[in-house]
file structure-v2.tsv (TSV, C-alpha atoms)
chain	number	residue	atom	x	y	z
A	1	MET	CA	-36.30	-2.75	37.36
A	2	SER	CA	-37.72	0.26	39.00
A	3	PRO	CA	-35.44	3.00	40.30
A	4	LYS	CA	-36.53	2.34	43.81
A	5	ILE	CA	-35.53	-1.29	43.68
A	6	LYS	CA	-32.28	-0.36	42.00
A	7	GLY	CA	-31.46	2.13	44.70
A	8	GLU	CA	-32.13	-0.42	47.39
A	9	ASN	CA	-29.75	-2.89	45.72
A	10	LEU	CA	-26.97	-0.29	45.51
A	11	TYR	CA	-27.47	0.64	49.13
A	12	SER	CA	-27.27	-3.03	50.13
A	13	ARG	CA	-24.07	-3.56	48.19
A	14	SER	CA	-22.53	-0.44	49.68
A	15	PHE	CA	-23.43	-1.57	53.15
A	16	VAL	CA	-21.92	-5.01	52.53
A	17	SER	CA	-18.75	-3.48	51.11
A	18	ARG	CA	-18.31	-1.23	54.13
A	19	LYS	CA	-18.89	-4.14	56.46
A	20	TRP	CA	-16.28	-6.29	54.76
A	21	THR	CA	-13.89	-3.37	54.63
A	22	PHE	CA	-14.26	-2.83	58.36
A	23	LEU	CA	-13.68	-6.54	59.03
A	24	LEU	CA	-10.67	-6.59	56.74
A	25	CYS	CA	-9.16	-3.55	58.46
A	26	PHE	CA	-9.76	-5.03	61.88
A	27	ALA	CA	-8.20	-8.34	60.81
A	28	SER	CA	-5.22	-6.48	59.35
A	29	PHE	CA	-4.82	-4.54	62.60
A	30	CYS	CA	-4.85	-7.71	64.71
A	31	PHE	CA	-2.50	-9.45	62.34
A	32	GLY	CA	-0.16	-6.45	62.50
A	33	ILE	CA	-0.13	-6.44	66.31
A	34	PHE	CA	0.51	-10.18	66.37
A	35	PHE	CA	3.27	-9.93	63.76
A	36	THR	CA	4.91	-6.94	65.51
A	37	ASP	CA	4.87	-8.67	68.89
A	38	ARG	CA	6.49	-11.76	67.43
A	39	MET	CA	9.19	-9.72	65.71
A	40	TRP	CA	9.86	-7.67	68.85
A	41	ASN	CA	10.36	-10.80	70.97
A	42	ILE	CA	12.75	-12.47	68.57
A	43	PRO	CA	15.97	-10.95	70.06
A	44	GLU	CA	14.92	-11.94	73.59
A	45	SER	CA	14.02	-15.42	72.39
A	46	ASN	CA	17.31	-15.75	70.54
A	47	ASP	CA	19.23	-14.51	73.55
A	48	MET	CA	17.59	-17.09	75.77
A	49	ALA	CA	18.05	-19.87	73.32
A	50	ARG	CA	21.70	-19.02	72.50
A	51	PRO	CA	24.07	-20.71	75.00
A	52	SER	CA	26.63	-18.44	76.68
A	53	VAL	CA	30.37	-19.02	76.41
A	54	THR	CA	30.42	-20.52	79.90
A	55	GLU	CA	27.49	-22.82	79.10
A	56	ALA	CA	29.10	-23.82	75.84
A	57	GLU	CA	32.31	-24.74	77.60
A	58	ARG	CA	30.35	-26.69	80.23
A	59	LEU	CA	28.46	-28.57	77.54
A	60	LYS	CA	31.72	-29.33	75.79
A	61	LEU	CA	33.26	-30.63	79.03
A	62	ILE	CA	30.21	-32.79	79.69
A	63	SER	CA	30.37	-34.19	76.16
A	64	GLU	CA	34.02	-35.06	76.75
A	65	GLY	CA	33.23	-36.88	79.98
A	66	CYS	CA	34.18	-34.03	82.35
A	67	GLY	CA	30.87	-33.37	84.03
A	68	PRO	CA	30.65	-32.70	87.80
A	69	LYS	CA	29.55	-36.27	88.44
A	70	THR	CA	32.28	-37.69	86.21
A	71	LEU	CA	34.93	-35.46	87.77
A	72	TYR	CA	33.85	-36.47	91.26
A	73	GLN	CA	34.05	-40.14	90.28
A	74	LYS	CA	37.53	-39.56	88.87
A	75	GLU	CA	38.65	-37.83	92.09
A	76	VAL	CA	37.35	-40.76	94.13
A	77	LYS	CA	39.16	-43.22	91.90
A	78	ARG	CA	42.51	-41.33	92.15
A	79	ASP	CA	45.32	-43.07	94.01
A	80	PRO	CA	45.62	-41.64	97.58
A	81	GLN	CA	49.41	-41.93	97.34
A	82	VAL	CA	49.41	-39.71	94.28
A	83	LEU	CA	47.27	-37.14	96.08
A	84	PHE	CA	49.57	-37.27	99.11
A	85	GLY	CA	52.58	-36.79	96.85
A	86	GLU	CA	51.01	-33.71	95.25
A	87	VAL	CA	50.20	-32.25	98.67
A	88	SER	CA	53.76	-32.93	99.85
A	89	LYS	CA	55.20	-31.22	96.78
A	90	THR	CA	53.03	-28.17	97.38
A	91	HIS	CA	54.01	-28.09	101.05
A	92	ASN	CA	57.71	-28.36	100.18
A	93	ALA	CA	57.38	-25.57	97.64
A	94	ILE	CA	55.75	-23.31	100.24
A	95	GLN	CA	58.49	-24.15	102.78
A	96	THR	CA	61.20	-23.40	100.22
A	97	LEU	CA	59.62	-20.05	99.41
A	98	ASP	CA	59.28	-19.24	103.12
A	99	LYS	CA	62.94	-20.10	103.74
A	100	THR	CA	64.00	-17.96	100.79
A	101	ILE	CA	62.04	-14.96	102.08
A	102	SER	CA	63.39	-15.51	105.60
A	103	SER	CA	66.95	-15.76	104.27
A	104	LEU	CA	66.58	-12.52	102.31
A	105	GLU	CA	65.18	-10.75	105.39
A	106	MET	CA	68.10	-11.95	107.52
A	107	GLU	CA	70.66	-10.92	104.93
A	108	LEU	CA	69.05	-7.48	104.83
A	109	ALA	CA	69.12	-7.27	108.62
A	110	ALA	CA	72.77	-8.31	108.70
A	111	ALA	CA	73.66	-5.68	106.11
A	112	ARG	CA	71.80	-3.03	108.10
A	113	SER	CA	73.55	-3.96	111.32
A	114	ALA	CA	76.95	-3.92	109.70
A	115	GLN	CA	76.24	-0.57	108.06
A	116	GLU	CA	75.01	0.93	111.34
A	117	SER	CA	78.06	-0.38	113.16
A	118	LEU	CA	80.32	1.32	110.63
A	119	THR	CA	78.23	4.51	110.71
A	120	ASN	CA	78.37	4.66	114.52
A	121	GLY	CA	82.08	4.05	114.55
A	122	ALA	CA	81.84	0.68	116.32
A	123	PRO	CA	84.97	-1.48	116.10
A	124	VAL	CA	84.85	-4.19	113.46
A	125	SER	CA	86.55	-7.39	114.57
A	126	ASN	CA	88.41	-9.89	112.42
A	127	ASP	CA	85.42	-12.20	112.71
A	128	VAL	CA	83.29	-9.70	110.77
A	129	GLU	CA	85.95	-9.27	108.11
A	130	LYS	CA	86.17	-13.04	107.64
A	131	ASN	CA	82.41	-13.35	107.28
A	132	GLN	CA	82.35	-10.53	104.72
A	133	SER	CA	84.72	-12.38	102.42
A	134	PRO	CA	83.41	-13.41	98.98
A	135	GLY	CA	81.54	-16.68	98.70
A	136	LYS	CA	78.88	-18.37	100.78
A	137	LYS	CA	78.71	-17.36	104.41
A	138	ARG	CA	79.62	-20.10	106.88
A	139	ARG	CA	76.70	-21.53	108.83
A	140	TYR	CA	77.42	-22.24	112.51
A	141	LEU	CA	75.50	-24.27	115.05
A	142	MET	CA	75.50	-21.68	117.82
A	143	VAL	CA	77.01	-18.46	119.06
A	144	VAL	CA	77.55	-18.39	122.84
A	145	GLY	CA	77.87	-14.88	124.24
A	146	ILE	CA	79.14	-14.72	127.82
A	147	ASN	CA	77.89	-11.52	129.40
A	148	THR	CA	80.73	-9.95	131.39
A	149	ALA	CA	81.81	-6.64	132.97
A	150	PHE	CA	85.04	-4.68	133.36
A	151	SER	CA	85.43	-5.86	136.95
A	152	SER	CA	85.00	-9.56	136.14
A	153	ARG	CA	88.55	-10.49	135.08
A	154	LYS	CA	88.77	-13.32	137.65
A	155	ARG	CA	85.49	-14.78	136.51
A	156	ARG	CA	86.63	-14.78	132.89
A	157	ASP	CA	89.90	-16.49	133.80
A	158	SER	CA	88.03	-19.14	135.80
A	159	ILE	CA	85.84	-19.89	132.75
A	160	ARG	CA	88.89	-20.09	130.50
A	161	THR	CA	90.38	-22.76	132.76
A	162	THR	CA	87.17	-24.82	132.96
A	163	TRP	CA	84.47	-25.05	130.27
A	164	MET	CA	85.68	-22.63	127.58
A	165	PRO	CA	88.36	-24.05	125.22
A	166	GLN	CA	91.36	-21.86	124.55
A	167	GLY	CA	93.75	-21.16	121.70
A	168	GLU	CA	93.80	-23.76	118.95
A	169	LYS	CA	91.09	-25.83	120.62
A	170	ARG	CA	88.69	-22.91	120.41
A	171	LYS	CA	89.51	-22.41	116.74
A	172	LYS	CA	89.02	-26.13	116.14
A	173	LEU	CA	85.68	-25.91	117.94
A	174	GLU	CA	84.58	-23.19	115.55
A	175	GLU	CA	85.81	-24.92	112.40
A	176	GLU	CA	84.77	-28.50	113.14
A	177	LYS	CA	81.73	-28.10	115.38
A	178	GLY	CA	80.45	-24.70	114.34
A	179	ILE	CA	80.44	-23.32	117.90
A	180	ILE	CA	81.49	-19.71	118.57
A	181	ILE	CA	82.20	-18.65	122.17
A	182	ARG	CA	82.97	-15.04	123.11
A	183	PHE	CA	82.97	-12.79	126.16
A	184	VAL	CA	80.57	-9.94	125.41
A	185	ILE	CA	81.32	-6.42	126.62
A	186	GLY	CA	80.72	-2.84	125.49
A	187	HIS	CA	82.79	0.21	126.36
A	188	SER	CA	83.04	2.52	129.33
A	189	ALA	CA	81.38	5.93	129.64
A	190	THR	CA	84.76	7.45	128.75
A	191	ALA	CA	85.58	5.57	125.58
A	192	GLY	CA	89.27	4.81	125.26
A	193	GLY	CA	89.86	5.11	129.00
A	194	ILE	CA	91.76	2.75	131.26
A	195	LEU	CA	88.91	0.25	131.44
A	196	ASP	CA	88.68	-0.06	127.67
A	197	ARG	CA	92.44	-0.34	127.34
A	198	SER	CA	92.52	-3.18	129.86
A	199	ILE	CA	89.95	-5.12	127.83
A	200	GLU	CA	91.90	-4.47	124.64
A	201	ALA	CA	95.04	-5.86	126.26
A	202	GLU	CA	93.16	-8.93	127.51
A	203	ASP	CA	91.62	-9.47	124.08
A	204	LYS	CA	95.03	-9.20	122.45
A	205	LYS	CA	96.23	-12.01	124.70
A	206	HIS	CA	93.25	-14.37	124.39
A	207	GLY	CA	91.32	-13.18	121.33
A	208	ASP	CA	87.99	-14.20	122.84
A	209	PHE	CA	86.06	-10.93	123.13
A	210	MET	CA	83.11	-9.54	121.24
A	211	ARG	CA	82.96	-5.75	121.62
A	212	LEU	CA	79.65	-3.97	121.45
A	213	ASP	CA	78.68	-0.41	120.64
A	214	HIS	CA	77.15	-0.09	124.08
A	215	VAL	CA	77.92	1.78	127.31
A	216	GLU	CA	78.38	-0.71	130.16
A	217	GLY	CA	76.21	-0.47	133.28
A	218	TYR	CA	74.04	-2.83	135.36
A	219	LEU	CA	70.91	-0.81	134.60
A	220	GLU	CA	71.67	-1.11	130.88
A	221	LEU	CA	71.52	-4.91	130.63
A	222	SER	CA	68.34	-4.85	128.53
A	223	GLY	CA	69.98	-2.59	125.98
A	224	LYS	CA	73.14	-4.71	126.05
A	225	THR	CA	71.14	-7.87	125.38
A	226	LYS	CA	69.46	-6.28	122.37
A	227	THR	CA	72.77	-5.02	121.00
A	228	TYR	CA	74.40	-8.41	121.57
A	229	PHE	CA	71.83	-10.36	119.55
A	230	SER	CA	71.81	-7.78	116.76
A	231	THR	CA	75.60	-7.68	116.55
A	232	ALA	CA	76.06	-11.45	116.82
A	233	PHE	CA	73.50	-11.96	114.08
A	234	SER	CA	75.35	-9.57	111.79
A	235	MET	CA	78.71	-11.26	112.49
A	236	TRP	CA	77.82	-14.95	112.36
A	237	ASP	CA	75.11	-16.91	110.59
A	238	ALA	CA	74.09	-19.51	113.18
A	239	ASP	CA	71.15	-21.73	114.03
A	240	PHE	CA	71.06	-20.50	117.64
A	241	TYR	CA	72.27	-17.53	119.67
A	242	ILE	CA	72.86	-18.01	123.40
A	243	LYS	CA	73.34	-15.55	126.21
A	244	VAL	CA	74.93	-16.78	129.44
A	245	ASP	CA	76.27	-14.97	132.51
A	246	ASP	CA	79.94	-15.20	133.49
A	247	ASP	CA	79.16	-16.85	136.83
A	248	VAL	CA	77.43	-19.92	135.33
A	249	HIS	CA	78.95	-23.31	134.53
A	250	VAL	CA	78.09	-24.68	131.07
A	251	ASN	CA	78.58	-28.08	129.45
A	252	ILE	CA	79.05	-27.10	125.82
A	253	ALA	CA	78.55	-30.55	124.26
A	254	THR	CA	75.31	-31.10	126.18
A	255	LEU	CA	74.13	-27.62	125.20
A	256	GLY	CA	74.79	-28.39	121.53
A	257	GLU	CA	73.00	-31.75	121.70
A	258	THR	CA	70.02	-30.06	123.38
A	259	LEU	CA	69.71	-27.35	120.74
A	260	VAL	CA	70.10	-29.71	117.79
A	261	ARG	CA	66.86	-31.44	118.76
A	262	HIS	CA	65.02	-28.16	118.10
A	263	ARG	CA	66.92	-27.12	114.99
A	264	LYS	CA	64.05	-27.66	112.55
A	265	LYS	CA	61.49	-25.82	114.65
A	266	PRO	CA	60.72	-22.19	113.77
A	267	ARG	CA	60.98	-19.33	116.29
A	268	VAL	CA	62.36	-21.25	119.26
A	269	TYR	CA	62.94	-19.67	122.69
A	270	ILE	CA	64.66	-22.08	125.11
A	271	GLY	CA	65.38	-21.69	128.81
A	272	CYS	CA	64.09	-22.30	132.30
A	273	MET	CA	60.73	-20.58	132.14
A	274	LYS	CA	59.58	-18.72	135.23
A	275	SER	CA	57.04	-16.12	136.32
A	276	GLY	CA	58.22	-13.97	139.20
A	277	PRO	CA	56.37	-11.14	140.97
A	278	VAL	CA	56.34	-7.62	139.55
A	279	LEU	CA	58.11	-5.52	142.20
A	280	SER	CA	56.67	-2.03	142.46
A	281	GLN	CA	58.51	-0.95	145.61
A	282	LYS	CA	61.41	1.40	144.95
A	283	GLY	CA	64.84	0.55	146.25
A	284	VAL	CA	64.46	-3.24	146.12
A	285	ARG	CA	66.42	-5.46	143.76
A	286	TYR	CA	64.68	-6.12	140.44
A	287	HIS	CA	62.36	-3.14	140.94
A	288	GLU	CA	60.17	-2.55	137.90
A	289	PRO	CA	59.51	1.19	137.32
A	290	GLU	CA	56.81	0.33	134.77
A	291	TYR	CA	55.02	-2.04	137.14
A	292	TRP	CA	51.64	-0.44	136.34
A	293	LYS	CA	51.75	-1.94	132.84
A	294	PHE	CA	51.49	-5.43	134.31
A	295	GLY	CA	48.17	-4.90	136.08
A	296	GLU	CA	47.35	-4.60	139.76
A	297	ASN	CA	49.89	-4.80	142.58
A	298	GLY	CA	50.88	-8.36	143.36
A	299	ASN	CA	50.63	-9.56	139.78
A	300	LYS	CA	53.27	-11.77	138.21
A	301	TYR	CA	55.19	-11.43	134.97
A	302	PHE	CA	54.31	-13.52	131.92
A	303	ARG	CA	56.39	-16.65	131.42
A	304	HIS	CA	59.95	-15.93	130.35
A	305	ALA	CA	63.36	-17.62	130.51
A	306	THR	CA	65.52	-16.94	133.54
A	307	GLY	CA	68.44	-14.68	132.69
A	308	GLN	CA	71.35	-16.95	133.63
A	309	LEU	CA	71.20	-18.79	130.29
A	310	TYR	CA	68.77	-18.85	127.40
A	311	ALA	CA	68.87	-19.51	123.68
A	312	ILE	CA	66.91	-18.19	120.71
A	313	SER	CA	66.77	-19.46	117.15
A	314	ARG	CA	68.07	-17.67	114.12
A	315	ASP	CA	64.74	-16.20	113.03
A	316	LEU	CA	64.18	-14.60	116.44
A	317	ALA	CA	67.67	-13.08	116.38
A	318	SER	CA	66.78	-11.72	112.95
A	319	TYR	CA	63.56	-10.26	114.37
A	320	ILE	CA	65.51	-8.45	117.12
A	321	SER	CA	68.05	-7.16	114.63
A	322	ILE	CA	65.42	-5.80	112.24
A	323	ASN	CA	63.23	-4.23	114.95
A	324	GLN	CA	65.87	-3.19	117.48
A	325	HIS	CA	64.96	0.49	117.26
A	326	VAL	CA	61.34	-0.05	118.29
A	327	LEU	CA	61.71	-2.83	120.87
A	328	HIS	CA	60.84	-1.58	124.35
A	329	LYS	CA	63.25	-2.18	127.25
A	330	TYR	CA	62.10	-2.96	130.78
A	331	ALA	CA	64.31	-2.80	133.86
A	332	ASN	CA	65.11	-6.54	133.86
A	333	GLU	CA	66.71	-8.02	130.76
A	334	ASP	CA	65.10	-11.46	131.05
A	335	VAL	CA	61.65	-9.87	131.30
A	336	THR	CA	62.52	-7.61	128.37
A	337	LEU	CA	63.42	-10.53	126.12
A	338	GLY	CA	60.23	-12.35	127.06
A	339	ALA	CA	58.21	-9.22	126.33
A	340	TRP	CA	59.62	-9.02	122.80
A	341	PHE	CA	58.31	-12.50	122.05
A	342	ILE	CA	55.01	-12.48	123.95
A	343	GLY	CA	53.01	-11.27	120.95
A	344	LEU	CA	54.75	-13.48	118.40
A	345	ASP	CA	54.11	-17.06	117.34
A	346	VAL	CA	57.07	-18.33	119.36
A	347	THR	CA	57.68	-21.84	120.70
A	348	HIS	CA	58.60	-21.58	124.40
A	349	ILE	CA	60.65	-24.57	125.51
A	350	ASP	CA	61.04	-25.05	129.25
A	351	ASP	CA	64.14	-27.23	129.81
A	352	ARG	CA	65.10	-27.57	133.47
A	353	ARG	CA	68.55	-28.89	132.59
A	354	LEU	CA	69.45	-25.30	131.78
A	355	CYS	CA	69.12	-24.30	135.43
A	356	CYS	CA	70.53	-27.08	137.61
A	357	GLY	CA	71.90	-26.32	141.04
A	358	THR	CA	75.55	-26.64	141.99
A	359	PRO	CA	76.80	-29.87	143.65
A	360	PRO	CA	75.30	-32.06	144.87
A	361	ASP	CA	72.27	-31.33	142.63
A	362	CYS	CA	74.06	-31.38	139.26
A	363	GLU	CA	76.29	-34.23	140.46
A	364	TRP	CA	73.34	-36.49	141.28
A	365	LYS	CA	71.77	-35.76	137.90
A	366	ALA	CA	75.05	-36.50	136.09
A	367	GLN	CA	75.36	-39.83	137.93
A	368	ALA	CA	71.81	-40.67	136.83
A	369	GLY	CA	72.86	-40.04	133.22
A	370	ASN	CA	71.06	-36.71	132.94
A	371	ILE	CA	73.96	-34.29	132.52
A	372	CYS	CA	73.05	-30.66	133.14
A	373	VAL	CA	73.49	-27.96	130.52
A	374	ALA	CA	74.07	-25.20	133.06
A	375	SER	CA	74.60	-25.06	136.84
A	376	PHE	CA	74.39	-22.16	139.29
A	377	ASP	CA	73.02	-21.18	142.70
A	378	TRP	CA	69.55	-19.64	142.69
A	379	THR	CA	70.32	-17.71	145.87
A	380	CYS	CA	73.12	-15.82	144.11
A	381	SER	CA	71.56	-15.80	140.61
A	382	GLY	CA	74.79	-17.50	139.58
A	383	ILE	CA	77.48	-19.59	141.24
A	384	CYS	CA	78.18	-18.01	144.60
A	385	ARG	CA	81.82	-16.83	144.59
A	386	SER	CA	82.11	-18.31	141.11
A	387	ALA	CA	85.74	-17.33	140.55
A	388	ASP	CA	86.71	-19.61	143.46
A	389	ARG	CA	84.08	-22.36	143.17
A	390	ILE	CA	83.56	-22.94	139.44
A	391	LYS	CA	86.51	-25.36	139.26
A	392	GLU	CA	84.84	-27.56	141.86
A	393	VAL	CA	81.55	-27.42	139.97
A	394	HIS	CA	83.36	-28.34	136.77
A	395	ARG	CA	85.16	-31.27	138.43
A	396	ARG	CA	81.98	-32.73	139.88
A	397	CYS	CA	79.38	-31.80	137.25
A	398	GLY	CA	81.35	-31.14	134.07
A	399	GLU	CA	81.15	-33.44	131.07
A	400	PRO	CA	84.27	-35.38	129.99
A	401	GLU	CA	86.87	-33.24	128.23
A	402	ASN	CA	86.55	-35.16	124.97
A	403	ALA	CA	82.72	-35.07	124.98
A	404	ILE	CA	82.62	-32.08	122.67
A	405	TRP	CA	84.78	-33.82	120.08
A	406	LYS	CA	82.70	-37.00	120.17
A	407	ALA	CA	79.42	-35.11	119.84
A	408	THR	CA	77.69	-35.23	116.46
A	409	PHE	CA	75.76	-32.08	115.68

call {"tool": "encode", "arguments": {"input": "structure-v2.tsv", "output": "structure tokens"}}
result
Amino acid sequence: MSPKIKGENLYSRSFVSRKWTFLLCFASFCFGIFFTDRMWNIPESNDMARPSVTEAERLKLISEGCGPKTLYQKEVKRDPQVLFGEVSKTHNAIQTLDKTISSLEMELAAARSAQESLTNGAPVSNDVEKNQSPGKKRRYLMVVGINTAFSSRKRRDSIRTTWMPQGEKRKKLEEEKGIIIRFVIGHSATAGGILDRSIEAEDKKHGDFMRLDHVEGYLELSGKTKTYFSTAFSMWDADFYIKVDDDVHVNIATLGETLVRHRKKPRVYIGCMKSGPVLSQKGVRYHEPEYWKFGENGNKYFRHATGQLYAISRDLASYISINQHVLHKYANEDVTLGAWFIGLDVTHIDDRRLCCGTPPDCEWKAQAGNICVASFDWTCSGICRSADRIKEVHRRCGEPENAIWKATF
């Protein structure tokens, strides 16, 4: 073979080798890219394929027959009575917790009131000492506070001889029926003066007073009302607290029967609801110095119970006791009490039997079987000349003497 031919063969082989080498390198490169891409995507692929803890639990539940569809079918098949029983149990548990919290709040309020009374040097009656004795505190039906003044001795005596039991009967009323009745009065501007001594002597004779750490005065009725509810709440644990004026006739048994019907209701405010005009003119009776807060001239007050007699439930008395230092006082005490409750979730009960007229009005209603709770004359905001006329009202409109003992509260 000639050198020329030999050289051509070598050149051809070299060319072929380089060609295959290039193809092999290119194939290796592609294979490397493909292999690298597959390896790089493995974690992502594994992550997507691996079920999460939540998914695993769901799959387990489904395998055990607890899938959404199965659960729904089970809920549908459940006995409605069983469901109702579970709801009732939950509701009762919530009510029990609510009562416990409310009870703790009231105990705290009572402790505060008692402490403040001692701090301020207010007299502590035997009633407080009895209620502070060890053991469970007695629960009463109602505390009736009769608002009175130093000059109202004749009115008090007329009530003692008509609708307010005396002596052993009053004690029996407290023990058997859970009804506390007291005349409510503060002290004079000169504490320990002749006016205070006269009340002390009267209390020593009858034992039916509740003394307040309050300076007496007609323009201070709003403050007296607040102090009364706070003090009464700290002294007696009752379902209801009542304020009544000393020129109003009251049938105690009928009052108790009326209140018992609302015993299970929360935040109850009972009375004859009214809405009188806001009087901006100075010098007139019931003038409201803060009239501008109630809107334009000629506006009326919001609905509130007339001041002759009204009742509030235990939780509202607790509210007054706890917040007494920040509760605003208006000129008129009945408006003031209504203002304290206007922003609360309170049940207003308008019962017209709490504001009957004197005979013949209350007499006609009694004959019709609708005995009045309270009777007075609207023109006098109480019984006109009550010290002289209340006996007649009691004779014609009063409930039988033994009604209170037959009543079941």

call {"tool": "residues_near_point", "arguments": {"input": "structure-v2.tsv", "point": "(93.0, -16.8, 137.7)", "cutoff": "12 Å", "atoms": "only C-alpha atoms", "output": "MDAnalysis selection string"}}
result
chainID A and resid 152:162 386:391

call {"tool": "atom_distance", "arguments": {"input": "structure-v2.tsv", "atom1": "CA of Ala149 (chain A)", "atom2": "CA of His187 (chain A)"}}
result
9.6 Å

call {"tool": "closest_atom_pairs", "arguments": {"input": "structure-v2.tsv", "of": "region 231-250 of chain A", "to": "region 351-365 of chain A", "cutoff": "12 Å", "atoms": "all atoms listed in the file", "output": "CSV"}}
result
residue,atom,partner,partner_atom,distance
A:Ile242,CA,A:Leu354,CA,11.6
A:Lys243,CA,A:Leu354,CA,11.9
A:Val244,CA,A:Leu354,CA,10.4
A:Asp247,CA,A:Thr358,CA,11.6
A:Val248,CA,A:Cys355,CA,9.4
A:His249,CA,A:Thr358,CA,8.8
A:Val250,CA,A:Leu354,CA,8.7

call {"tool": "write_last_selection", "arguments": {"input": "structure-v2.tsv", "atoms": "C-alpha atoms", "output": "PDB file, keeping the file's coordinate frame"}}
result
ATOM      1  CA  ILE A 242      72.860 -18.010 123.400  1.00  0.00           C
ATOM      2  CA  LYS A 243      73.340 -15.550 126.210  1.00  0.00           C
ATOM      3  CA  VAL A 244      74.930 -16.780 129.440  1.00  0.00           C
ATOM      4  CA  ASP A 247      79.160 -16.850 136.830  1.00  0.00           C
ATOM      5  CA  VAL A 248      77.430 -19.920 135.330  1.00  0.00           C
ATOM      6  CA  HIS A 249      78.950 -23.310 134.530  1.00  0.00           C
ATOM      7  CA  VAL A 250      78.090 -24.680 131.070  1.00  0.00           C
TER       8      VAL A 250
END

call {"tool": "closest_residue", "arguments": {"input": "structure-v2.tsv", "among": "A:Gly207, A:Gly217, A:Gly256, A:Gly298", "to": "Val144 (chain A)", "atoms": "only C-alpha atoms"}}
result
A:Gly256

call {"tool": "residues_around", "arguments": {"input": "structure-v2.tsv", "residues": "Glu168 (chain A)", "least_positions_apart": "5", "cutoff": "12 Å", "atoms": "only C-alpha atoms", "output": "PyMOL selection string"}}
result
chain A and resi 173-176+206-208

call {"tool": "atom_distance", "arguments": {"input": "structure-v2.tsv", "atom1": "CA of Cys272 (chain A)", "atom2": "CA of Asn370 (chain A)"}}
result
16.0 Å

call {"tool": "atom_distance", "arguments": {"input": "structure-v2.tsv", "atom1": "CA of Thr347 (chain A)", "atom2": "CA of Ser313 (chain A)"}}
result
10.0 Å

call {"tool": "residues_around", "arguments": {"input": "structure-v2.tsv", "residues": "Leu255 (chain A)", "least_positions_apart": "2", "cutoff": "12 Å", "atoms": "only C-alpha atoms", "output": "ChimeraX atom specification"}}
result
/A:141-144,163,179,240-242,244,249-253,257-262,270-271,309-311,351,353-355,371-375,398-399,403-404,407,409

call {"tool": "residues_near_point", "arguments": {"input": "structure-v2.tsv", "point": "(83.8, -0.2, 135.0)", "cutoff": "9 Å", "atoms": "only C-alpha atoms", "output": "ChimeraX atom specification"}}
result
/A:149-151,187-189,195-196,216-217

call {"tool": "residues_around", "arguments": {"input": "structure-v2.tsv", "residues": "region 198-205 of chain A", "least_positions_apart": "4", "cutoff": "10 Å", "atoms": "all atoms listed in the file", "output": "PyMOL selection string"}}
result
chain A and resi 149-150+153+167+183+185-187+192-194+209-211

call {"tool": "residues_around", "arguments": {"input": "structure-v2.tsv", "residues": "Thr336 (chain A)", "least_positions_apart": "5", "cutoff": "7 Å", "atoms": "all atoms listed in the file", "output": "count of residues only"}}
result
3

call {"tool": "residues_around", "arguments": {"input": "structure-v2.tsv", "residues": "Asn299 (chain A)", "least_positions_apart": "2", "cutoff": "9 Å", "atoms": "all atoms listed in the file", "output": "JSON, numbers by chain"}}
result
{"A": [276, 277, 278, 279, 294, 295, 296, 297, 301]}
